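Chemist: So here's final17.cif (mmCIF, C-alpha atoms).
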data_run
#
loop_
_atom_site.label_atom_id
_atom_site.label_comp_id
_atom_site.auth_asym_id
_atom_site.auth_seq_id
_atom_site.Cartn_x
_atom_site.Cartn_y
_atom_site.Cartn_z
CA MET Y 1 -37.14 18.11 -20.35
CA ALA Y 2 -34.08 16.74 -18.51
CA GLU Y 3 -32.42 18.93 -15.92
CA ASN Y 4 -29.29 20.70 -17.14
CA PRO Y 5 -26.17 18.81 -15.99
CA ALA Y 6 -23.68 20.39 -13.61
CA TYR Y 7 -20.75 22.18 -15.21
CA PRO Y 8 -17.51 20.55 -14.03
CA VAL Y 9 -14.71 22.88 -13.03
CA GLY Y 10 -11.58 22.77 -10.88
CA LEU Y 11 -11.47 25.42 -8.16
CA ARG Y 12 -8.08 26.94 -7.28
CA LEU Y 13 -8.53 27.75 -3.62
CA THR Y 14 -4.98 28.45 -2.50
CA GLY Y 15 -5.06 31.34 -0.02
CA ARG Y 16 -8.77 31.91 -0.60
CA LYS Y 17 -11.37 31.88 2.15
CA VAL Y 18 -13.49 28.76 2.44
CA VAL Y 19 -16.19 28.53 5.10
CA VAL Y 20 -17.15 25.15 6.54
CA LEU Y 21 -20.23 24.92 8.73
CA GLY Y 22 -20.41 21.82 10.90
CA GLY Y 23 -17.82 19.50 12.41
CA GLY Y 24 -19.24 16.02 11.87
CA GLN Y 25 -18.37 13.05 9.68
CA VAL Y 26 -19.13 14.80 6.38
CA VAL Y 27 -16.78 17.65 7.25
CA GLN Y 28 -14.17 15.17 8.49
CA ARG Y 29 -14.16 13.54 5.03
CA ARG Y 30 -14.10 16.81 3.09
CA LEU Y 31 -11.56 18.85 5.05
CA PRO Y 32 -8.39 17.00 3.98
CA ALA Y 33 -8.93 17.84 0.31
CA LEU Y 34 -9.63 21.49 1.12
CA ILE Y 35 -6.51 21.63 3.27
CA ALA Y 36 -4.48 20.01 0.49
CA ALA Y 37 -5.83 22.64 -1.91
CA GLY Y 38 -4.28 25.35 0.27
CA ALA Y 39 -7.58 26.99 1.22
CA ASP Y 40 -7.84 29.46 4.10
CA ILE Y 41 -10.48 27.51 6.03
CA LEU Y 42 -12.85 28.94 8.62
CA LEU Y 43 -14.65 26.18 10.51
CA VAL Y 44 -17.80 27.22 12.39
CA SER Y 45 -19.32 24.62 14.67
CA PRO Y 46 -20.06 24.25 18.40
CA GLU Y 47 -18.37 20.82 18.39
CA ALA Y 48 -16.34 18.58 16.14
CA THR Y 49 -15.17 15.00 15.78
CA PRO Y 50 -11.76 14.18 17.28
CA SER Y 51 -10.23 14.10 13.79
CA VAL Y 52 -11.60 17.53 12.89
CA GLU Y 53 -10.49 18.88 16.25
CA ALA Y 54 -6.99 17.55 15.57
CA MET Y 55 -6.89 19.45 12.27
CA ALA Y 56 -7.80 22.62 14.14
CA ASP Y 57 -5.22 21.96 16.84
CA ALA Y 58 -2.60 21.52 14.11
CA GLY Y 59 -3.47 24.94 12.70
CA GLU Y 60 -4.79 23.55 9.43
CA VAL Y 61 -8.17 25.24 9.96
CA THR Y 62 -9.41 28.13 12.07
CA TRP Y 63 -12.16 26.89 14.36
CA GLN Y 64 -14.81 29.14 15.90
CA LYS Y 65 -16.72 27.04 18.43
CA ARG Y 66 -20.24 28.38 17.91
CA PRO Y 67 -23.29 27.93 15.66
CA TYR Y 68 -23.61 29.64 12.29
CA GLU Y 69 -24.29 33.37 12.34
CA GLU Y 70 -25.39 35.71 9.57
CA GLY Y 71 -22.30 37.20 7.94
CA ASP Y 72 -20.08 34.13 8.31
CA LEU Y 73 -19.92 33.73 4.55
CA ALA Y 74 -18.76 37.27 3.84
CA ASP Y 75 -15.74 37.34 1.51
CA ALA Y 76 -15.83 33.56 1.08
CA TRP Y 77 -15.12 31.94 -2.27
CA TYR Y 78 -16.63 28.58 -1.44
CA ALA Y 79 -18.78 27.14 1.34
CA LEU Y 80 -19.50 23.68 2.67
CA ILE Y 81 -22.67 23.54 4.75
CA ALA Y 82 -22.99 20.37 6.79
CA THR Y 83 -24.59 21.10 10.15
CA GLY Y 84 -27.33 19.05 11.74
CA ASP Y 85 -29.62 22.12 11.88
CA LYS Y 86 -31.63 22.25 8.65
CA ALA Y 87 -32.97 25.75 9.39
CA ALA Y 88 -29.42 27.04 9.89
CA ASN Y 89 -28.34 25.30 6.69
CA THR Y 90 -31.15 27.02 4.79
CA ARG Y 91 -30.22 30.46 6.15
CA ALA Y 92 -26.54 29.91 5.34
CA SER Y 93 -27.42 28.71 1.86
CA ALA Y 94 -29.47 31.87 1.29
CA GLU Y 95 -26.55 34.01 2.44
CA ALA Y 96 -24.27 32.18 0.02
CA GLU Y 97 -26.70 32.90 -2.80
CA ARG Y 98 -26.79 36.61 -1.93
CA HIS Y 99 -22.99 36.83 -1.84
CA ARG Y 100 -22.61 34.64 -4.95
CA VAL Y 101 -20.60 32.06 -3.07
CA TRP Y 102 -20.62 28.57 -4.52
CA CYS Y 103 -22.19 26.42 -1.86
CA VAL Y 104 -22.40 22.69 -1.16
CA ARG Y 105 -25.13 21.38 1.14
CA SER Y 106 -24.83 17.93 2.64
CA ASP Y 107 -28.50 17.77 3.68
CA ASP Y 108 -30.11 18.97 0.43
CA ALA Y 109 -28.16 18.68 -2.81
CA ASP Y 110 -31.01 20.15 -4.84
CA ALA Y 111 -30.84 23.37 -2.80
CA ALA Y 112 -27.10 23.72 -3.33
CA THR Y 113 -25.32 25.69 -6.04
CA ALA Y 114 -22.45 23.21 -6.21
CA TRP Y 115 -21.98 19.47 -5.80
CA THR Y 116 -18.93 17.68 -4.50
CA PRO Y 117 -17.76 15.03 -6.96
CA ALA Y 118 -16.30 11.68 -5.99
CA THR Y 119 -12.59 12.29 -6.46
CA GLY Y 120 -9.37 10.34 -6.52
CA THR Y 121 -5.80 10.94 -7.65
CA SER Y 122 -3.11 8.92 -9.36
CA GLU Y 123 0.29 10.13 -10.53
CA GLY Y 124 -0.70 13.76 -10.87
CA VAL Y 125 -4.14 13.09 -12.37
CA THR Y 126 -7.30 13.96 -10.46
CA VAL Y 127 -10.44 12.02 -11.35
CA ALA Y 128 -13.76 13.67 -10.46
CA VAL Y 129 -17.06 11.90 -11.08
CA LEU Y 130 -20.46 13.62 -11.14
CA THR Y 131 -23.74 12.06 -12.18
CA THR Y 132 -25.74 13.78 -14.91
CA ASP Y 133 -29.08 12.57 -13.58
CA ALA Y 134 -30.25 14.54 -10.57
CA LYS Y 135 -32.99 12.04 -9.75
CA GLY Y 136 -30.56 9.16 -9.78
CA ARG Y 137 -27.77 10.78 -7.79
CA ASP Y 138 -26.18 8.10 -5.71
CA PRO Y 139 -22.82 8.77 -4.01
CA ARG Y 140 -22.09 5.05 -3.90
CA HIS Y 141 -22.49 4.81 -7.66
CA THR Y 142 -20.20 7.76 -8.40
CA ALA Y 143 -17.66 6.51 -5.84
CA ALA Y 144 -17.63 3.07 -7.49
CA ILE Y 145 -16.94 4.65 -10.89
CA ARG Y 146 -14.23 6.83 -9.37
CA ASP Y 147 -12.59 3.82 -7.75
CA ALA Y 148 -12.62 1.84 -11.00
CA VAL Y 149 -11.02 4.66 -12.99
CA VAL Y 150 -8.37 5.42 -10.35
CA ALA Y 151 -7.54 1.73 -9.98
CA GLY Y 152 -7.08 1.48 -13.74
CA LEU Y 153 -4.74 4.48 -13.75
CA ARG Y 154 -2.74 3.17 -10.83
CA ASP Y 155 -2.19 -0.34 -12.13
CA GLY Y 156 -1.64 0.80 -15.71
CA THR Y 157 -4.65 -0.96 -17.26
CA LEU Y 158 -6.31 2.33 -18.19
CA VAL Y 159 -3.39 3.99 -19.97
CA ALA Y 160 -4.02 4.66 -23.64
CA PRO Y 161 -1.23 3.12 -25.79
CA HIS Y 162 -0.16 6.41 -27.34
CA HIS Y 163 0.05 8.02 -23.87
CA ARG Y 164 1.96 5.18 -22.28
CA THR Y 165 4.51 6.37 -19.74
CA ARG Y 166 8.03 5.26 -20.57
CA THR Y 167 10.83 6.23 -18.23
CA PRO Y 168 14.31 4.85 -18.99
CA GLY Y 169 16.01 3.31 -16.00
CA VAL Y 170 15.36 0.52 -13.53
CA ALA Y 171 12.58 0.04 -11.01
CA LEU Y 172 13.42 -2.43 -8.28
CA VAL Y 173 9.96 -3.74 -7.41
CA GLY Y 174 9.03 -5.89 -4.44
CA GLY Y 175 6.31 -8.20 -5.72
CA GLY Y 176 5.05 -9.38 -2.35
CA PRO Y 177 4.74 -12.91 -0.98
CA GLY Y 178 3.22 -14.60 -4.04
CA ASP Y 179 -0.44 -13.65 -4.39
CA PRO Y 180 -0.51 -11.27 -7.41
CA ASP Y 181 -3.09 -9.10 -5.64
CA LEU Y 182 -0.55 -8.30 -2.91
CA ILE Y 183 1.86 -6.33 -5.07
CA THR Y 184 1.71 -2.60 -4.36
CA VAL Y 185 -0.29 -0.29 -6.61
CA ARG Y 186 2.89 1.48 -7.69
CA GLY Y 187 4.63 -1.79 -8.43
CA ARG Y 188 1.77 -2.96 -10.62
CA ARG Y 189 1.72 0.33 -12.52
CA LEU Y 190 5.46 0.20 -13.18
CA LEU Y 191 5.06 -3.34 -14.50
CA ALA Y 192 2.45 -2.08 -16.94
CA GLU Y 193 4.88 0.59 -18.16
CA ALA Y 194 7.90 -1.69 -18.54
CA ASP Y 195 9.79 -2.58 -21.71
CA VAL Y 196 11.78 -5.32 -19.96
CA VAL Y 197 11.00 -7.33 -16.83
CA ILE Y 198 13.75 -9.34 -15.15
CA THR Y 199 12.18 -11.69 -12.63
CA ASP Y 200 13.06 -14.59 -10.38
CA HIS Y 201 11.19 -17.67 -9.23
CA LEU Y 202 9.88 -16.00 -6.07
CA GLY Y 203 8.23 -13.11 -7.92
CA PRO Y 204 4.44 -13.15 -8.44
CA ARG Y 205 4.53 -15.05 -11.74
CA ASP Y 206 0.81 -14.66 -12.46
CA LEU Y 207 1.38 -10.96 -13.13
CA LEU Y 208 3.64 -11.75 -16.06
CA ALA Y 209 0.71 -13.20 -18.01
CA GLU Y 210 -0.93 -9.76 -17.98
CA LEU Y 211 1.98 -8.07 -19.76
CA PRO Y 212 1.74 -7.17 -23.46
CA THR Y 213 3.61 -9.47 -25.83
CA SER Y 214 5.93 -6.57 -26.65
CA VAL Y 215 7.41 -6.71 -23.14
CA GLU Y 216 10.58 -8.77 -22.89
CA VAL Y 217 10.44 -11.05 -19.85
CA ILE Y 218 13.78 -12.43 -18.66
CA ASP Y 219 14.04 -15.23 -16.12
CA ALA Y 220 17.00 -14.26 -13.95
CA ALA Y 221 17.64 -17.92 -13.16
CA LYS Y 222 18.33 -18.61 -16.84
CA LEU Y 223 20.70 -15.73 -17.60
CA PRO Y 224 23.95 -16.84 -19.26
CA TYR Y 225 26.43 -16.40 -16.43
CA GLY Y 226 29.68 -17.05 -18.29
CA ARG Y 227 32.57 -15.90 -16.12
CA PHE Y 228 30.22 -13.98 -13.84
CA MET Y 229 28.53 -14.98 -10.63
CA ALA Y 230 24.72 -15.10 -10.84
CA GLN Y 231 24.23 -11.72 -9.17
CA GLU Y 232 26.78 -10.05 -11.43
CA ALA Y 233 24.96 -11.39 -14.48
CA ILE Y 234 21.69 -9.94 -13.22
CA ASN Y 235 23.35 -6.58 -12.53
CA ASN Y 236 24.83 -6.53 -16.02
CA ALA Y 237 21.49 -7.35 -17.62
CA LEU Y 238 19.79 -4.51 -15.74
CA ILE Y 239 22.50 -2.05 -16.77
CA GLU Y 240 22.59 -3.18 -20.39
CA HIS Y 241 18.84 -2.84 -21.00
CA ALA Y 242 18.55 0.44 -19.12
CA LYS Y 243 21.41 1.98 -21.11
CA GLN Y 244 19.49 1.08 -24.28
CA GLY Y 245 16.88 3.60 -23.13
CA LYS Y 246 14.43 0.97 -21.92
CA SER Y 247 12.18 1.00 -18.90
CA VAL Y 248 13.29 -2.00 -16.85
CA VAL Y 249 11.53 -3.62 -13.90
CA ARG Y 250 13.46 -5.97 -11.65
CA LEU Y 251 10.64 -7.98 -10.12
CA LYS Y 252 11.48 -9.68 -6.83
CA GLY Y 253 9.49 -11.66 -4.30
CA GLY Y 254 8.65 -10.05 -0.98
CA ASP Y 255 10.59 -6.85 -0.33
CA PRO Y 256 13.80 -6.12 -2.28
CA PHE Y 257 15.76 -5.35 0.88
CA VAL Y 258 14.66 -8.35 2.97
CA TYR Y 259 17.08 -11.08 1.89
CA GLY Y 260 16.52 -9.99 -1.70
CA ARG Y 261 20.02 -8.67 -2.46
CA GLY Y 262 18.30 -5.50 -3.61
CA MET Y 263 20.99 -3.16 -2.33
CA GLU Y 264 23.64 -4.99 -4.33
CA GLU Y 265 21.66 -4.18 -7.47
CA VAL Y 266 21.10 -0.58 -6.40
CA GLN Y 267 24.84 -0.15 -5.83
CA ALA Y 268 25.72 -1.67 -9.20
CA LEU Y 269 23.24 0.60 -10.98
CA ALA Y 270 24.55 3.66 -9.14
CA GLU Y 271 28.14 2.85 -10.16
CA ALA Y 272 26.99 2.52 -13.77
CA GLY Y 273 25.10 5.82 -13.63
CA VAL Y 274 21.71 4.18 -14.19
CA PRO Y 275 18.74 5.78 -12.40
CA CYS Y 276 16.94 3.41 -10.06
CA THR Y 277 13.62 3.57 -8.25
CA VAL Y 278 13.00 1.29 -5.29
CA VAL Y 279 9.43 0.14 -4.69
CA PRO Y 280 9.04 -1.66 -1.34
CA GLY Y 281 7.03 -4.87 -1.24
CA ILE Y 282 5.12 -6.80 1.40
CA SER Y 283 7.61 -9.07 3.09
CA SER Y 284 6.73 -12.75 3.44
CA SER Y 285 8.08 -12.59 6.99
CA ILE Y 286 4.86 -10.93 8.17
CA SER Y 287 2.36 -11.56 5.38
CA VAL Y 288 2.71 -15.34 5.14
CA PRO Y 289 2.19 -15.93 8.87
CA GLY Y 290 -0.78 -13.58 8.69
CA ALA Y 291 -2.25 -15.48 5.74
CA ALA Y 292 -1.91 -18.67 7.81
CA GLY Y 293 -3.73 -17.13 10.76
CA ILE Y 294 -0.63 -16.40 12.82
CA PRO Y 295 0.02 -12.89 14.22
CA VAL Y 296 3.73 -12.24 14.64
CA THR Y 297 2.90 -10.09 17.69
CA HIS Y 298 0.01 -10.41 20.11
CA ARG Y 299 -0.85 -8.53 23.27
CA GLY Y 300 0.31 -10.37 26.35
CA ILE Y 301 2.23 -12.98 24.36
CA ALA Y 302 4.78 -11.42 22.03
CA HIS Y 303 5.94 -7.81 22.11
CA GLU Y 304 8.57 -8.28 19.42
CA PHE Y 305 9.43 -10.46 16.47
CA THR Y 306 12.80 -11.25 14.93
CA VAL Y 307 13.35 -12.19 11.30
CA VAL Y 308 16.30 -14.46 10.61
CA SER Y 309 17.81 -16.03 7.53
CA GLY Y 310 18.17 -19.78 7.83
CA HIS Y 311 20.00 -20.37 4.56
CA VAL Y 312 23.11 -21.44 6.47
CA ALA Y 313 23.01 -23.68 9.54
CA PRO Y 314 23.99 -22.41 13.01
CA ASP Y 315 27.22 -24.43 12.95
CA ASP Y 316 28.25 -23.04 9.56
CA GLU Y 317 31.20 -20.65 9.81
CA ARG Y 318 29.45 -18.29 7.38
CA SER Y 319 26.52 -17.74 9.76
CA LEU Y 320 26.20 -14.20 11.13
CA VAL Y 321 23.29 -15.02 13.44
CA ASP Y 322 23.70 -14.99 17.21
CA TRP Y 323 21.62 -18.10 17.88
CA PRO Y 324 22.35 -18.29 21.64
CA SER Y 325 20.93 -14.80 22.09
CA LEU Y 326 17.87 -15.64 19.97
CA ALA Y 327 17.16 -18.61 22.23
CA LYS Y 328 16.77 -16.23 25.16
CA LEU Y 329 14.19 -13.97 23.48
CA THR Y 330 10.56 -14.33 24.52
CA GLY Y 331 9.06 -12.97 21.33
CA THR Y 332 8.39 -14.51 17.93
CA LEU Y 333 11.13 -15.88 15.71
CA VAL Y 334 10.46 -15.90 11.96
CA ILE Y 335 12.88 -17.86 9.80
CA LEU Y 336 13.11 -17.43 6.04
CA MET Y 337 14.98 -19.86 3.78
CA GLY Y 338 15.22 -22.33 6.64
CA VAL Y 339 13.54 -25.51 5.39
CA GLY Y 340 16.84 -27.30 4.91
CA THR Y 341 18.34 -26.18 8.22
CA ILE Y 342 15.39 -26.16 10.61
CA GLY Y 343 16.54 -29.38 12.29
CA LYS Y 344 19.88 -27.90 13.30
CA VAL Y 345 18.27 -24.56 14.12
CA ALA Y 346 15.86 -26.26 16.50
CA GLU Y 347 18.66 -28.26 18.15
CA THR Y 348 20.69 -25.09 18.67
CA LEU Y 349 17.80 -23.11 20.16
CA ILE Y 350 16.97 -25.97 22.53
CA ALA Y 351 20.63 -26.34 23.52
CA HIS Y 352 20.69 -22.68 24.54
CA GLY Y 353 17.55 -22.77 26.66
CA LYS Y 354 14.52 -22.68 24.38
CA SER Y 355 11.82 -25.13 25.44
CA PRO Y 356 11.49 -28.18 23.17
CA ASP Y 357 7.71 -27.71 23.41
CA THR Y 358 7.85 -24.26 21.79
CA PRO Y 359 5.23 -24.21 19.01
CA VAL Y 360 6.45 -24.11 15.41
CA ALA Y 361 4.50 -23.55 12.20
CA LEU Y 362 5.87 -24.15 8.72
CA VAL Y 363 3.90 -22.33 6.03
CA GLN Y 364 4.72 -23.41 2.50
CA GLU Y 365 3.95 -21.21 -0.52
CA GLY Y 366 2.06 -18.75 1.64
CA THR Y 367 -0.68 -16.54 0.11
CA THR Y 368 -0.87 -18.70 -3.02
CA ALA Y 369 -3.41 -21.34 -3.99
CA ALA Y 370 -0.88 -24.00 -2.94
CA GLN Y 371 -0.47 -22.66 0.60
CA ARG Y 372 -0.31 -25.25 3.34
CA ARG Y 373 0.59 -25.14 7.02
CA VAL Y 374 2.35 -27.80 9.06
CA ASP Y 375 2.42 -27.44 12.84
CA ALA Y 376 5.09 -28.93 15.09
CA THR Y 377 7.29 -28.07 18.06
CA LEU Y 378 10.98 -27.31 18.26
CA ALA Y 379 11.55 -30.93 19.25
CA THR Y 380 9.71 -32.26 16.17
CA ALA Y 381 10.26 -29.55 13.54
CA GLY Y 382 13.09 -31.37 11.74
CA GLU Y 383 11.08 -34.58 11.54
CA ALA Y 384 7.95 -32.68 10.42
CA VAL Y 385 9.74 -31.21 7.41
CA LEU Y 386 10.67 -34.70 6.23
CA ALA Y 387 7.40 -36.40 7.15
CA HIS Y 388 5.23 -33.79 5.43
CA GLU Y 389 7.69 -33.15 2.60
CA VAL Y 390 7.78 -29.41 3.22
CA LYS Y 391 9.52 -27.67 0.32
CA PRO Y 392 10.82 -24.13 -0.19
CA PRO Y 393 9.63 -21.46 -0.25
CA ALA Y 394 8.34 -21.72 3.28
CA VAL Y 395 8.20 -19.37 6.23
CA ILE Y 396 8.86 -20.86 9.67
CA VAL Y 397 7.30 -19.26 12.74
CA ILE Y 398 8.56 -20.16 16.22
CA GLY Y 399 6.78 -18.99 19.35
CA GLU Y 400 3.56 -19.01 21.33
CA VAL Y 401 1.79 -16.90 18.68
CA VAL Y 402 1.50 -20.06 16.60
CA ASN Y 403 -1.30 -21.20 18.91
CA VAL Y 404 -3.14 -17.87 19.22
CA GLY Y 405 -5.48 -18.15 16.24
CA PRO Y 406 -8.10 -20.78 15.43
CA SER Y 407 -6.72 -24.27 14.92
CA PRO Y 408 -5.69 -24.79 11.28
CA SER Y 409 -8.06 -26.97 9.32
CA ALA Y 410 -6.94 -30.49 8.68
#
Transcribe the structure of this file into structure tokens.

Modeler:
Amino acid sequence: MAENPAYPVGLRLTGRKVVVLGGGQVVQRRLPALIAAGADILLVSPEATPSVEAMADAGEVTWQKRPYEEGDLADAWYALIATGDKAANTRASAEAERHRVWCVRSDDADAATAWTPATGTSEGVTVAVLTTDAKGRDPRHTAAIRDAVVAGLRDGTLVAPHHRTRTPGVALVGGGPGDPDLITVRGRRLLAEADVVITDHLGPRDLLAELPTSVEVIDAAKLPYGRFMAQEAINNALIEHAKQGKSVVRLKGGDPFVYGRGMEEVQALAEAGVPCTVVPGISSSISVPGAAGIPVTHRGIAHEFTVVSGHVAPDDERSLVDWPSLAKLTGTLVILMGVGTIGKVAETLIAHGKSPDTPVALVQEGTTAAQRRVDATLATAGEAVLAHEVKPPAVIVIGEVVNVGPSPSA
């Protein structure tokens, strides 16, 4: 006859005594959840890992630096036994049984009266996974199931249609540098909940193919502008759909506030009384160099990096960049939207003291399948763009960090 399965239950431990025996890696993993549950935690162990010790120093647990003693479990509601002394674990387990304290044992699950499930949370939902087969208990198996369920909840692929979240308003979502896997978990979930998605050419387009056919996808580049400027037309489209009670996602490349005009949209929505949520994204200014094997900072080489827009040339009266000062910096210079102006940028930096031999890398369509890297120097960067037909979008990295990593493959 099969062993009876464990009965799943959620313990409400706020203000209730929980005894933890041991201060090793198992306890280090379990303590944060007990602390989050509001338990009154007594930790009994002669020593502890630095992380556990930090929790005690912060007052999150009460630590008695000694081995287990009979009576430690008195008045406890729950106990976690995880010392390296099996005999002490057995005595503590017996005390828990006498006091009717639910007890987890890290060294012998069959001798315990409770098991710790593999848990995860997403948007107010806690997922707990326990196996029903005692002989086949495998924490890696339950953790894998937990991870799959939580991932589905987070990215919206596991939401039943009739329970689909639908919040009117606008979510300004940074889609990351291009690879659809680099959007944030929250951004992906909001996409799955959207009624309308307004995107631009730098957003992770592959994600749009995953949306249900009922979702209206609007290409911001093709909005009818009429008497409006492009940005005003986008603002109006966001406001119009949101005021119809729809859940709207404005999907942008990179981060909405890094040359994404995101704040202009936030301000327009605020003036119209439309609620807006901002979801940061991974900026191409750091992720694309990283994908190309270039660290924007490196010990002993670059202690800072500066991100600059290159959409207007240094000699353009609209430029707000202090190029002479940038030429004097010793760190890394990252230029976005600078393919068309890199020649003049390089000339200006050299004219104000930057070495013509300063390494330069141009990374086109970073993090996507079409990514390619072209290496040059400040003296040759303008020619390299033409010779290699580098096209936007591309991130340009200037500085010694370009040569830190392994040489790019031919």

Chemist: Please identify every residue of stretch 363-407 of chain Y that has at least one atom no farther than 12 Å from an atom of stretch 254-257 of chain Y, counting only C-alpha atoms, and for each give the shortest atom pair and the distance in Å to one decimal, arranged by chain then increasing number, as JSON lines.

Modeler:
{"residue": "Y:Gly366", "atom": "CA", "partner": "Y:Gly254", "partner_atom": "CA", "distance": 11.2}
{"residue": "Y:Thr367", "atom": "CA", "partner": "Y:Gly254", "partner_atom": "CA", "distance": 11.4}
{"residue": "Y:Pro393", "atom": "CA", "partner": "Y:Gly254", "partner_atom": "CA", "distance": 11.5}
{"residue": "Y:Val395", "atom": "CA", "partner": "Y:Gly254", "partner_atom": "CA", "distance": 11.8}

Chemist: Restricting the calculation to all atoms listed in the file, which member of Y:Gln25, Y:Glu53, Y:Glu383, Y:Leu202 is positioned closest to Y:Pro180?

Modeler: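 Of Y:Gln25, Y:Glu53, Y:Glu383, Y:Leu202, the one nearest Y:Pro180, counting all atoms listed in the file, is Y:Leu202.
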
Chemist: Hey, can you check how far atom CA of Y:Gln64 sits from atom CA of Y:Pro117?

Modeler: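 Between atom CA of Y:Gln64 and atom CA of Y:Pro117 the gap is 27.0 Å.
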
Chemist: Select from stretch 225-274 of chain Y every residue with an atom at most 12 Å from any atom of stretch 306-319 of chain Y, then for each give the shortest pair of atoms and their distance in Å to one decimal, using all atoms listed in the file, rows by chain and rising number, as CSV.

Modeler:
residue,atom,partner,partner_atom,distance
Y:Val258,CA,Y:Val307,CA,9.3
Y:Tyr259,CA,Y:Ser309,CA,7.5
Y:Gly260,CA,Y:Ser309,CA,11.1

Chemist: Got time to write the residues from that selection, C-alpha atoms, as a PDB file, in the frame of the given file?

Modeler:
ATOM      1  CA  VAL Y 258      14.660  -8.350   2.970  1.00  0.00           C
ATOM      2  CA  TYR Y 259      17.080 -11.080   1.890  1.00  0.00           C
ATOM      3  CA  GLY Y 260      16.520  -9.990  -1.700  1.00  0.00           C
TER       4      GLY Y 260
END

Chemist: Find the distance between atom CA of Y:Met263 and atom CA of Y:Asn236 and write it in Å to one decimal.

Modeler: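 Rounded to one decimal, the two atoms are 14.6 Å apart.
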
Chemist: I'd like to know which of Y:Val127, Y:Arg140, Y:Val170, Y:Thr377 is closest to Y:Leu153, using all atoms listed in the file.

Modeler: Y:Val127

Chemist: Using Å and a single decimal, report how far atom CA of Y:Gly84 sits from atom CA of Y:Val104.

Modeler: 14.3 Å

Chemist: Which one is closest to Y:Val125: Y:Ala376, Y:Val150, Y:Ile294, Y:Ala111? Count only C-alpha atoms.

Modeler: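 Among the listed residues, Y:Val150 lies closest to Y:Val125.
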
Chemist: Go through stretch 93-198 of chain Y and flag each residue having an atom no more than 12 Å from stretch 5-18 of chain Y; for those, report the closest pair of atoms plus their distance in Å to one decimal, using only C-alpha atoms, ordered by chain and rising number, as CSV.

Modeler:
residue,atom,partner,partner_atom,distance
Y:Ala96,CA,Y:Val18,CA,11.6
Y:Val101,CA,Y:Val18,CA,9.6
Y:Trp102,CA,Y:Val18,CA,10.0
Y:Cys103,CA,Y:Val18,CA,10.0
Y:Val104,CA,Y:Val18,CA,11.4
Y:Ala109,CA,Y:Ala6,CA,11.8
Y:Asp110,CA,Y:Ala6,CA,11.4
Y:Ala112,CA,Y:Ala6,CA,11.3
Y:Thr113,CA,Y:Ala6,CA,9.4
Y:Ala114,CA,Y:Ala6,CA,8.0
Y:Trp115,CA,Y:Ala6,CA,8.0
Y:Thr116,CA,Y:Pro8,CA,10.1
Y:Pro117,CA,Y:Pro8,CA,9.0
Y:Thr119,CA,Y:Gly10,CA,11.4
Y:Thr126,CA,Y:Gly10,CA,9.8
Y:Val127,CA,Y:Gly10,CA,10.8
Y:Ala128,CA,Y:Pro8,CA,8.6
Y:Val129,CA,Y:Pro8,CA,9.2
Y:Leu130,CA,Y:Ala6,CA,7.9
Y:Thr131,CA,Y:Pro5,CA,8.1
Y:Thr132,CA,Y:Pro5,CA,5.2
Y:Asp133,CA,Y:Pro5,CA,7.3
Y:Ala134,CA,Y:Pro5,CA,8.0
Y:Lys135,CA,Y:Pro5,CA,11.5
Y:Arg137,CA,Y:Pro5,CA,11.6

Chemist: Please determine, counting all atoms listed in the file, which residue among Y:Glu365, Y:Asp375, Y:Asp357, Y:Glu265 has the shortest atom-to-atom distance to Y:Leu172.

Modeler: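 Smallest distance to Y:Leu172 is found for Y:Glu265.
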
Chemist: Go through Y:Lys86, Y:Arg146, Y:Arg373, Y:His99 and flag the residue nearest Y:Gly71, using all atoms listed in the file for the distances.

Modeler: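 Of Y:Lys86, Y:Arg146, Y:Arg373, Y:His99, the one nearest Y:Gly71, counting all atoms listed in the file, is Y:His99.
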
Chemist: In the coordinates of the file, take the point (11.5, -13.1, 10.5) and a cut-off of 12 Å; then, counting only C-alpha atoms, name each qualifying protein, DNA or RNA residue as JSON, numbers by chain.

Modeler: {"Y": [258, 259, 283, 284, 285, 286, 287, 288, 289, 296, 297, 304, 305, 306, 307, 308, 309, 310, 326, 331, 332, 333, 334, 335, 336, 337, 338, 394, 395, 396, 397, 398, 399]}

Chemist: For a quick check of understanding, using all atoms listed in the file, which of Y:Glu210, Y:Asp179, Y:Glu347, Y:Glu60 has the smallest distance to Y:Gln371?

Modeler: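 The closest residue to Y:Gln371 is Y:Asp179.
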
Chemist: To verify the selection step, state as a ChimeraX atom specification which residues the PyMOL selection byres ((chain Y and resi 169) around 10) yields on this input.

Modeler: /Y:166-168,170-172,194,238-239,241-249,269,273-277

Chemist: Write a file of the selected residues as a CSV table (one decimal), keeping the file's coordinate frame, keeping C-alpha atoms.

Modeler:
chain,number,residue,atom,x,y,z
Y,166,ARG,CA,8.0,5.3,-20.6
Y,167,THR,CA,10.8,6.2,-18.2
Y,168,PRO,CA,14.3,4.8,-19.0
Y,170,VAL,CA,15.4,0.5,-13.5
Y,171,ALA,CA,12.6,0.0,-11.0
Y,172,LEU,CA,13.4,-2.4,-8.3
Y,194,ALA,CA,7.9,-1.7,-18.5
Y,238,LEU,CA,19.8,-4.5,-15.7
Y,239,ILE,CA,22.5,-2.0,-16.8
Y,241,HIS,CA,18.8,-2.8,-21.0
Y,242,ALA,CA,18.6,0.4,-19.1
Y,243,LYS,CA,21.4,2.0,-21.1
Y,244,GLN,CA,19.5,1.1,-24.3
Y,245,GLY,CA,16.9,3.6,-23.1
Y,246,LYS,CA,14.4,1.0,-21.9
Y,247,SER,CA,12.2,1.0,-18.9
Y,248,VAL,CA,13.3,-2.0,-16.8
Y,249,VAL,CA,11.5,-3.6,-13.9
Y,269,LEU,CA,23.2,0.6,-11.0
Y,273,GLY,CA,25.1,5.8,-13.6
Y,274,VAL,CA,21.7,4.2,-14.2
Y,275,PRO,CA,18.7,5.8,-12.4
Y,276,CYS,CA,16.9,3.4,-10.1
Y,277,THR,CA,13.6,3.6,-8.2
